[in-house]
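Inspection log for the structure reproduced underneath, given as structure tokens.
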Amino acid sequence: MMESDKPGRTVRIVSLSFAPGKSLEEIVGLVAAEAAKGCDLLALPETWRGQGENTAEALDGPTICAMSALAKANHTYIICPIDRMAGARRYNTAVLLDRTGRIAGMYDKQYPYWGELGLVPPTTPGDIVPVFRTDFGMLGLAICFDVNFPEVWQRLAEQGAELVVWSSAYSAGSTLQSHALQHNYYIVTSTCTCDCLVYDITGRLLHDQQQPELNISRLTLDLDRGIYHENFNMERCARLLAEHADEIERELWMEREQWFVLRSKKAGVSARELAHQYGLEELRDYITRSRSAIDRLRAAAAARDEEIEQKGA
């Protein structure tokens, strides 16, 4: 299902955003029609079947069963958020279905909103932030109120997320942009406010579309684009571009940030893999390495101070 004739590593995404109140049958028909046109990933909004007294269902309930059949029939991944019951506990869960219709993973909302805590039973906060390895790349999930808590987005970055799909009841806007800018992954939204926003690895707004009642956004993203700091990379980058001028280009140079973006110009050639071969360090790895080195220095200094204090006691 990948577009191998395109440069880079592309993923075709359909984001469906619609107001609450549509029936399962209506959305099944919509998903079937859009998935049949061809895509790698289709995303649905947060708890789109509702979240109240009689909406919670198990993983083997009608919603996931219906979407599983569609994922298999159309050979696509589907992100289907549900109001999920697991035993006596309730969760706000985004379920990831793979191309065979099997459950490839789940993400339980880390930070339920106040109204969810007043449900009976209340929505239980999730305790892990997973990232899923798909055949198009590393996929992270987040849900609505999570946007306000930076640690969720940091954990996604630490596990190598390249794309984060955010299902939500509202739009968030620039709050999401800050996470894309900080962590250098794409963010794609699917909302109950009938809009879709897409931010790229530099925090740039790529897509902003809203329609009444129903918004359908079809997107193609290149997950092979890499972002790099100028520090320690410039000589290696110059050599890479000189020796692979027909295959790799510097797409963007952000002079004030001292960042640059590399991308492939040729199908079958990975800009990120070539950059790695030439010893270039991606921006996120550079920041992580810097943090780790500074944390070690702080720990060593604290240990020395403690030793001095004990000797003086």
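Ligands are numbered from 1 in the order shown, chains are lettered A, B, ... in the order of the structure tokens, and residues start at 1 in each chain.
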
Just the strand (DSSP E or B) stuff from segment 38-230 of chain A, please, per backbone DSSP, written as a ChimeraX atom specification. /A:41-43,57,77-86,89-97,103-108,123,131-133,138-143,163-168,186-191,195-199,205-210,214-222,226-229

Just want the 8 Å neighbourhood of Thr202 of chain A, counted on only C-alpha atoms, with same-chain residues fewer than 5 positions away dropped. Output as a PyMOL selection string. chain A and resi 180-181+184-185+227

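Using only C-alpha atoms for every distance, the candidate list A:Phe136, A:Trp114, A:Tyr278, A:Tyr199 yields A:Tyr278 as the residue closest to Met234 of chain A.
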
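Taking atom CA of Thr288 of chain A and atom CA of Gln110 of chain A as the two end points, the separation is 23.2 Å.
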
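Checking A:Thr100, A:Glu34, A:Ile79, A:Glu306 one by one against Thr189 of chain A, counting only C-alpha atoms, you find the shortest gap at A:Ile79.
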
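Between Thr76 of chain A and the residues A:Leu223, A:Val131, A:Ile13, A:Ala301, the shortest atom-to-atom distance, using only C-alpha atoms, involves A:Ile13.
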
Helix (DSSP H, G or I) residues, from DSSP on the backbone, in segment 36-180 of chain A, as a ChimeraX atom specification: /A:62-74,114-117,144-148,150-158,174-180

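Closest approach to Glu249 of chain A among A:Val261, A:Leu206, A:Leu96, A:Gly105: A:Val261, based on only C-alpha atoms.
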
Write out as an MDAnalysis selection string the residues lying within 7 Å of Cys194 of chain A, counting only C-alpha atoms and excluding same-chain residues fewer than 2 positions away. chainID A and resid 17:19 191:192 210:215

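Proximity to Pro130 of chain A was assessed for A:Val147, A:Ile248, A:Ala142, A:Ala299 counting only C-alpha atoms; the smallest distance is recorded for A:Ala142.
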
Skipping near chain neighbours, those fewer than 2 positions away, what residues fall within 10 Å of Ser174 of chain A using only C-alpha atoms, listed as JSON, numbers by chain? {"A": [171, 172, 176, 177, 178, 179, 180, 197, 199, 203, 205]}

Writer output for current selection, C-alpha atoms, as a compact mmCIF listing (two decimals), in the first residue's frame:
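again-v3.txt was written with the following content:
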```
# COMPACT_ATOMS: atom_id res chain seq x y z
CA SER A 171 -8.85 21.40 18.00
CA ALA A 172 -6.01 22.64 20.33
CA LEU A 176 -0.05 20.93 19.29
CA GLN A 177 2.29 22.98 17.15
CA SER A 178 4.57 23.47 20.16
CA HIS A 179 4.90 19.69 20.62
CA ALA A 180 5.75 19.12 16.95
CA LEU A 197 -4.53 20.09 11.54
CA TYR A 199 2.18 19.97 11.79
CA GLY A 203 6.44 22.75 13.73
CA LEU A 205 1.53 24.03 9.72
```

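By chain and then residue number, the residues within 9 Å of Phe145 of chain A are Lys109, Gln110, Tyr111, Pro112, Tyr113, Ser168 and Ala169 of chain A, counting only C-alpha atoms and disregarding those fewer than 5 positions away in sequence.
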